[in-house]
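**Student:** For reference, the structure I am asking about is given below.
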Amino acid sequence: MTAPLFASVAPAPSPSADALAACLDDLRSLLGDRLSTAQVIRDQHGRDESYHTPAAPDAVAFALTTDEVVAIVKTCARHGVPIIPFGTGTSLEGHIAALHGGVCVDVSGMNTILSVRPADMDVTVQAGVTRKQLNEYLRDTGLFFPIDPGADASLGGMASTRASGTNAVRYGTMRENVLSLTVVLADGRVIRTARRARKSAAGYDLTRLFVGSEGTLGIITEVTVRLYGIPEAVAAAVCPFPDVGAAVNAVIDTIQLGIPVARVEFLDENQMDAVNRFSRLSYAVTPTLFFEFHGSDEAIAAQAETVKELAAAHGGVDFQWTANADERDKLWHARHNAFYAALALKPGSKGISSDTCVPISRLADCVIETKHDLQQSFLKSTMVGHVGDGNFHVLFLVDPDSPQDIAEARRLNSRLVMRAIEMDGTCTGEHGIGHGKRDYLTHELGDAMDVMRAVKAALDPQNLFNPGKII
Ligand SMILES: Cc1cc2nc3c(=O)[nH]c(=O)nc-3n(C[C@H](O)[C@H](O)[C@H](O)COP(=O)(O)OP(=O)(O)OC[C@H]3O[C@@H](n4cnc5c(N)ncnc54)[C@H](O)[C@@H]3O)c2cc1C
């Protein structure tokens with residue numbers, strides 16, 4: 001009989017009550033009152049912003065240094081106790097749920113900005129630094145960190161979910177912007193995945209292996225990311241369209257012509273209604289695009305005028321643009337509140353968010369077919385998208401106590417995911433897999449999943465790190 005090509009992933013650890021108690025005793029000696037078993041703290045660390053059933057860890061360890069993370073990992077490994085890394089808990093696919101119990105390692109206290117290097121346009125931070133904290137700190141340097149997932153997430157969490165957001169169309173995602181990571185491995189070894197060079201052909205790309213690994217391969221303790229010059233001028237624009245197809249086709253033309261938009265966001269009529277009600281605005285209740293342009297005064301004016309013409313060719317004749325900072329902030333504030341605005345349409349509801357991404361040439365087909373599906377359903381939903389990347393979300397508003405609502409959201413989401421995969425797209429453009437999308441990942445990647453399992457088995461032979469996620 002031939003041996004299997006790849007090692008298989010160990011079953012999730014299942015420590016005895018005695019092993020768990022001994023582990024927590026050891027961690028208490030190490031951390032004192034920075035190890036918490038209080039129910040409220042455990043609950044808070046096992047629940048994300050999604051509809052997935054929460055699962056509290058047995059304890060939460062608040063780490064402050066890489067050395068402490070090493071000691072925590074070694075202690076948990078010795079007792080065979082699962083480890084769930086935690087940044088700010090804003091992920092959306094049940095990523096932080098302690099499906100097999102264990103110790104949540106909260107690195108939010110590791111929030112020191114270690115080194116800003118303006119000459120190299122990069123920065124190294126501890127993993128718990130949040131993106132707003134970083135940008136606040138950078139303000140006087142003329143530099144900024146562009147990745148903006150809406151929530152004020154930690155850089156370690158953003159690296160771990162390969163996050164992006166509204167301006168990835170111009171600046172890329174965490175994949176393009178992380179230069180190097182410091183990671184604590186399952187045996188307590190600390191590695192740095194790369195130096196800071198902007199390009200490197202030095203062996204396997206370990207940085208990108210850990211980017212998107214969702215806490216399943218190690219704990220990231222330091223992150224080095226690229227920075228960008230704050231643009232000389234910024235303009236924002238809003239444009240209503242007669243229908244969904246017209247709006248999306250205007251985006252496709254904009255991208256295919258190579259216009260360097262910094263942001264282009266699509267909101268359907270339901271989402272515009274929600275935004276108006278939530279932020280007391282009076283936009284037309286019709287499919288709408290929000291744009292942002294970065295550059296010199298001349299460049300932003302030229303970009304805005306070109307996009308205005310493209311929009312008009314698709315029926316978007318009321319294109320309004322402004323470089324006024326207050327008006328811009330009002331517009332983007334409304335967009336950033338889109339999630340909570342949508343939830344407010346159905347008080348007491350929870351949001352189930354889809355997250356597909358398709359090649360830009362298939363975007364119109366995917367959005368139009370999806371919209372058709374949604375119109376046939378009894379379930380209320382809204383649609384928003386970072387459409388410049390081919391990425392859009394449907395937010396299904398479900399009564400969390402209604403099995404019918406949840407079944408319908410799952411049915412519609414499943415149709416959408418399969419449609420995107422058939423179009424050579426993906427089940428998740430930015431939120432990640434967690435445990436909510438595991439089945440879809442297998443469908444999307446087929447045999448490539450065996451390679452992922454082999455990586456997991458090699459780096460985490462006891463399956464200690466975030467068991468039950470991705471794989
Ligand atoms: C309203 C709203 C809007 C959002 N919009 C977007 C969006 O536009 N784009 C987008 O990409 N995301 C979006 N998200 C999702 C979320 O903000 C991102 O997934 C974010 O990157 C999670 O970061 P976090 O610090 O909260 O990580 P957490 O939720 O704490 O953790 C996420 C995962 O990373 C692991 N992890 C965390 N820290 C570490 C570490 N130091 N080392 C190893 N593993 C770690 C965890 O184990 C978990 O698996 C949104 C969320 C909300 C609530």
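Following the order of the structure tokens, chains are lettered A, B, ..., residues in each are numbered from 1, and ligands are numbered from 1.
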Ligand 1: which residues are within 6 Å, counting only C-alpha atoms and all ligand atoms? Reply as a VMD selection string.

**Tutor:** chain A and resid 49 84 to 92 95 to 96 127 149 to 151 153 to 154 156 to 158 160 to 161 163 to 165 214 to 215 218 to 221 339 430 to 431

**Student:** Write out, as a JSON list (two decimals), in the first residue's frame, the residues just selected, with C-alpha atoms.

**Tutor:**
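Once everything was written out, this is result.json:
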[["chain", "number", "residue", "atom", "x", "y", "z"],
["A", 49, "GLU", "CA", -20.00, 40.36, 15.42],
["A", 84, "ILE", "CA", -7.11, 30.90, 20.23],
["A", 85, "PRO", "CA", -5.32, 34.15, 19.33],
["A", 86, "PHE", "CA", -7.45, 37.31, 19.72],
["A", 87, "GLY", "CA", -6.98, 40.87, 18.42],
["A", 88, "THR", "CA", -10.15, 42.95, 18.75],
["A", 89, "GLY", "CA", -12.78, 40.29, 17.97],
["A", 90, "THR", "CA", -14.36, 42.02, 14.95],
["A", 91, "SER", "CA", -14.09, 39.05, 12.58],
["A", 92, "LEU", "CA", -17.26, 37.72, 11.00],
["A", 95, "HIS", "CA", -13.04, 32.92, 13.80],
["A", 96, "ILE", "CA", -12.58, 33.41, 17.55],
["A", 127, "ALA", "CA", 0.25, 42.96, 16.91],
["A", 149, "PRO", "CA", -11.78, 47.24, 7.10],
["A", 150, "GLY", "CA", -14.32, 49.61, 8.66],
["A", 151, "ALA", "CA", -13.92, 48.19, 12.17],
["A", 153, "ALA", "CA", -9.25, 46.08, 14.02],
["A", 154, "SER", "CA", -5.76, 45.14, 15.26],
["A", 156, "GLY", "CA", -2.27, 41.27, 13.95],
["A", 157, "GLY", "CA", -5.93, 40.37, 13.36],
["A", 158, "MET", "CA", -5.94, 42.13, 10.00],
["A", 160, "SER", "CA", -4.36, 37.01, 10.17],
["A", 161, "THR", "CA", -7.56, 37.50, 8.13],
["A", 163, "ALA", "CA", -8.12, 42.00, 5.55],
["A", 164, "SER", "CA", -8.82, 44.77, 3.08],
["A", 165, "GLY", "CA", -11.75, 47.16, 2.71],
["A", 214, "GLU", "CA", -6.44, 33.03, 11.01],
["A", 215, "GLY", "CA", -4.46, 32.04, 14.08],
["A", 218, "GLY", "CA", 1.09, 30.57, 15.14],
["A", 219, "ILE", "CA", 0.63, 33.81, 17.07],
["A", 220, "ILE", "CA", 1.78, 36.99, 15.33],
["A", 221, "THR", "CA", 3.42, 39.34, 17.83],
["A", 339, "PHE", "CA", -23.55, 47.57, 8.61],
["A", 430, "GLU", "CA", -11.75, 39.63, 2.72],
["A", 431, "HIS", "CA", -13.58, 38.24, 5.77]]

**Student:** Give me the residues near Asp297 of chain A as a list of chain:residue names, where near means some atom within 12 Å (using only C-alpha atoms) and where sequence neighbours in that chain fewer than 3 positions away do not count.

**Tutor:**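 Contacts, with the query itself left out: A:Pro231, A:Glu232, A:Ala233, A:Val234, A:Ala235, A:Phe293, A:His294, A:Ile300, A:Ala301, A:Ala302, A:Gln303, A:Ala304, A:Thr322, A:Ala323.
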
**Student:** Run DSSP on the backbone of this structure and report the residues of segment 198-422 of chain A it assigns to strand (DSSP E), as a VMD selection string.

**Tutor:** chain A and resid 219 to 226 228 to 229 233 to 240 263 to 267 288 to 295 320 to 322 350 to 353 356 to 357 381 to 386 391 to 398

**Student:** Pick from A:Ser361, A:Thr173, A:Ser414, A:Thr112: nearest to Arg226 of chain A, with only C-alpha atoms counted?

**Tutor:**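 Using only C-alpha atoms, Arg226 of chain A sits closest to A:Thr173.
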
**Student:** If we count only C-alpha atoms and set the cut-off at 9 Å, which residues sit around Val190 of chain A, ignoring sequence neighbours fewer than 5 positions away in its own chain? Please answer as a PDB file with all heavy atoms, in the first residue's frame.

**Tutor:**
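File produced: selection.pdb:
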ATOM      1  N   THR A  66       6.296  39.450  23.461  1.00  0.00           N
ATOM      2  CA  THR A  66       6.531  38.214  22.706  1.00  0.00           C
ATOM      3  C   THR A  66       6.979  37.101  23.653  1.00  0.00           C
ATOM      4  O   THR A  66       6.527  35.954  23.535  1.00  0.00           O
ATOM      5  CB  THR A  66       7.600  38.455  21.618  1.00  0.00           C
ATOM      6  OG1 THR A  66       7.109  39.454  20.713  1.00  0.00           O
ATOM      7  CG2 THR A  66       7.913  37.186  20.839  1.00  0.00           C
ATOM      8  N   VAL A  70       5.373  33.388  24.126  1.00  0.00           N
ATOM      9  CA  VAL A  70       6.151  32.145  24.059  1.00  0.00           C
ATOM     10  C   VAL A  70       5.828  31.276  25.278  1.00  0.00           C
ATOM     11  O   VAL A  70       5.540  30.072  25.156  1.00  0.00           O
ATOM     12  CB  VAL A  70       7.672  32.451  24.013  1.00  0.00           C
ATOM     13  CG1 VAL A  70       8.487  31.184  24.228  1.00  0.00           C
ATOM     14  CG2 VAL A  70       8.033  33.114  22.693  1.00  0.00           C
ATOM     15  N   THR A 182       6.645  38.828  12.952  1.00  0.00           N
ATOM     16  CA  THR A 182       7.282  38.019  13.992  1.00  0.00           C
ATOM     17  C   THR A 182       6.210  37.074  14.510  1.00  0.00           C
ATOM     18  O   THR A 182       5.088  37.513  14.839  1.00  0.00           O
ATOM     19  CB  THR A 182       7.818  38.912  15.130  1.00  0.00           C
ATOM     20  OG1 THR A 182       8.780  39.797  14.568  1.00  0.00           O
ATOM     21  CG2 THR A 182       8.457  38.085  16.230  1.00  0.00           C
ATOM     22  N   VAL A 183       6.531  35.779  14.531  1.00  0.00           N
ATOM     23  CA  VAL A 183       5.498  34.781  14.844  1.00  0.00           C
ATOM     24  C   VAL A 183       6.035  33.804  15.894  1.00  0.00           C
ATOM     25  O   VAL A 183       7.171  33.330  15.790  1.00  0.00           O
ATOM     26  CB  VAL A 183       5.103  33.971  13.584  1.00  0.00           C
ATOM     27  CG1 VAL A 183       3.941  33.030  13.893  1.00  0.00           C
ATOM     28  CG2 VAL A 183       4.740  34.879  12.427  1.00  0.00           C
ATOM     29  N   VAL A 184       5.184  33.499  16.877  1.00  0.00           N
ATOM     30  CA  VAL A 184       5.503  32.444  17.847  1.00  0.00           C
ATOM     31  C   VAL A 184       4.881  31.148  17.331  1.00  0.00           C
ATOM     32  O   VAL A 184       3.666  31.074  17.092  1.00  0.00           O
ATOM     33  CB  VAL A 184       4.945  32.797  19.243  1.00  0.00           C
ATOM     34  CG1 VAL A 184       5.230  31.654  20.234  1.00  0.00           C
ATOM     35  CG2 VAL A 184       5.543  34.109  19.743  1.00  0.00           C
ATOM     36  N   LEU A 185       5.734  30.141  17.149  1.00  0.00           N
ATOM     37  CA  LEU A 185       5.275  28.851  16.599  1.00  0.00           C
ATOM     38  C   LEU A 185       4.800  27.917  17.724  1.00  0.00           C
ATOM     39  O   LEU A 185       4.967  28.210  18.913  1.00  0.00           O
ATOM     40  CB  LEU A 185       6.415  28.199  15.818  1.00  0.00           C
ATOM     41  CG  LEU A 185       6.976  29.016  14.646  1.00  0.00           C
ATOM     42  CD1 LEU A 185       8.122  28.269  13.977  1.00  0.00           C
ATOM     43  CD2 LEU A 185       5.896  29.345  13.631  1.00  0.00           C
TER      44      LEU A 185
END

**Student:** Which polymer residues have any atom within 12 Å of an atom of Ala458 of chain A, counting only C-alpha atoms, with same-chain residues fewer than 6 positions away left out, as a PyMOL selection string?

**Tutor:** chain A and resi 6-10+185-187+216-218+451-452

**Student:** Would you kindly return, as a PyMOL selection string, each protein, DNA or RNA residue with an atom no farther than 8 Å from any atom of Gly94 of chain A, considering only C-alpha atoms and excluding same-chain residues fewer than 6 positions away?

**Tutor:** chain A and resi 47-48+50+52-54+434-436

**Student:** Can you write out the residues you just picked, keeping all heavy atoms, as a compact mmCIF listing (two decimals), in the first residue's frame?

**Tutor:**
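And here's out.txt as it stands now:
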# COMPACT_ATOMS: atom_id res chain seq x y z
N ARG A 47 -17.29 35.54 21.38
CA ARG A 47 -18.40 36.03 20.55
C ARG A 47 -17.88 37.09 19.59
O ARG A 47 -17.23 38.04 20.01
CB ARG A 47 -19.45 36.66 21.48
CG ARG A 47 -20.67 37.15 20.79
CD ARG A 47 -21.61 37.97 21.67
NE ARG A 47 -21.89 37.42 22.97
CZ ARG A 47 -21.54 38.00 24.13
NH1 ARG A 47 -20.90 39.15 24.13
NH2 ARG A 47 -21.83 37.44 25.28
N ASP A 48 -18.15 36.90 18.27
CA ASP A 48 -17.76 37.95 17.33
C ASP A 48 -19.00 38.72 16.91
O ASP A 48 -20.05 38.63 17.54
CB ASP A 48 -16.98 37.35 16.15
CG ASP A 48 -17.81 36.35 15.36
OD1 ASP A 48 -19.05 36.36 15.48
OD2 ASP A 48 -17.22 35.55 14.61
N SER A 50 -20.79 38.30 14.35
CA SER A 50 -21.60 37.59 13.37
C SER A 50 -22.76 36.86 14.04
O SER A 50 -22.97 36.93 15.24
CB SER A 50 -20.73 36.56 12.65
OG SER A 50 -20.46 35.49 13.53
N HIS A 52 -22.89 33.62 14.08
CA HIS A 52 -22.44 32.28 14.47
C HIS A 52 -22.59 32.10 15.99
O HIS A 52 -22.37 33.03 16.76
CB HIS A 52 -20.99 32.06 14.07
CG HIS A 52 -20.79 32.03 12.59
ND1 HIS A 52 -21.29 31.01 11.81
CD2 HIS A 52 -20.19 32.89 11.74
CE1 HIS A 52 -20.99 31.26 10.54
NE2 HIS A 52 -20.34 32.38 10.47
N THR A 53 -22.91 30.86 16.40
CA THR A 53 -23.10 30.59 17.82
C THR A 53 -21.78 30.84 18.55
O THR A 53 -20.75 30.30 18.17
CB THR A 53 -23.51 29.11 18.03
OG1 THR A 53 -24.59 28.85 17.14
CG2 THR A 53 -23.93 28.85 19.46
N PRO A 54 -21.81 31.67 19.61
CA PRO A 54 -20.56 31.94 20.32
C PRO A 54 -20.08 30.69 21.06
O PRO A 54 -20.87 29.81 21.38
CB PRO A 54 -20.93 33.03 21.33
CG PRO A 54 -22.35 33.39 21.08
CD PRO A 54 -22.95 32.37 20.19
N GLY A 434 -12.82 31.24 8.86
CA GLY A 434 -13.29 30.89 10.20
C GLY A 434 -13.79 29.46 10.20
O GLY A 434 -13.16 28.56 9.63
N HIS A 435 -14.98 29.25 10.83
CA HIS A 435 -15.59 27.93 10.62
C HIS A 435 -16.85 28.05 9.78
O HIS A 435 -17.41 27.06 9.33
CB HIS A 435 -15.84 27.19 11.95
CG HIS A 435 -16.91 27.81 12.82
ND1 HIS A 435 -18.20 27.38 12.81
CD2 HIS A 435 -16.85 28.82 13.71
CE1 HIS A 435 -18.91 28.10 13.68
NE2 HIS A 435 -18.12 28.98 14.23
N GLY A 436 -17.24 29.31 9.49
CA GLY A 436 -18.47 29.52 8.71
C GLY A 436 -18.33 29.14 7.24
O GLY A 436 -19.31 28.81 6.58

**Student:** For Asp140 of chain A, which residue out of A:Pro240, A:Pro57, A:Gly429, A:Pro118 is the nearest one, using only C-alpha atoms?

**Tutor:** A:Pro118

**Student:** So which one's closest to Val211 of chain A, A:Leu412, A:Leu181, A:Ala364, A:Leu30? Using only C-alpha atoms, please.

**Tutor:**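 Nearest candidate to Val211 of chain A out of A:Leu412, A:Leu181, A:Ala364, A:Leu30: A:Leu181.
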
**Student:** Determine, counting only C-alpha atoms, which protein, DNA and RNA residues have an atom within 8 Å of an atom of segment 254-265 of chain A; residues of the same chain fewer than 4 positions away are not included. Present the result as a PyMOL selection string.

**Tutor:** chain A and resi 166-171+250+289-294+303+307+310+384-388
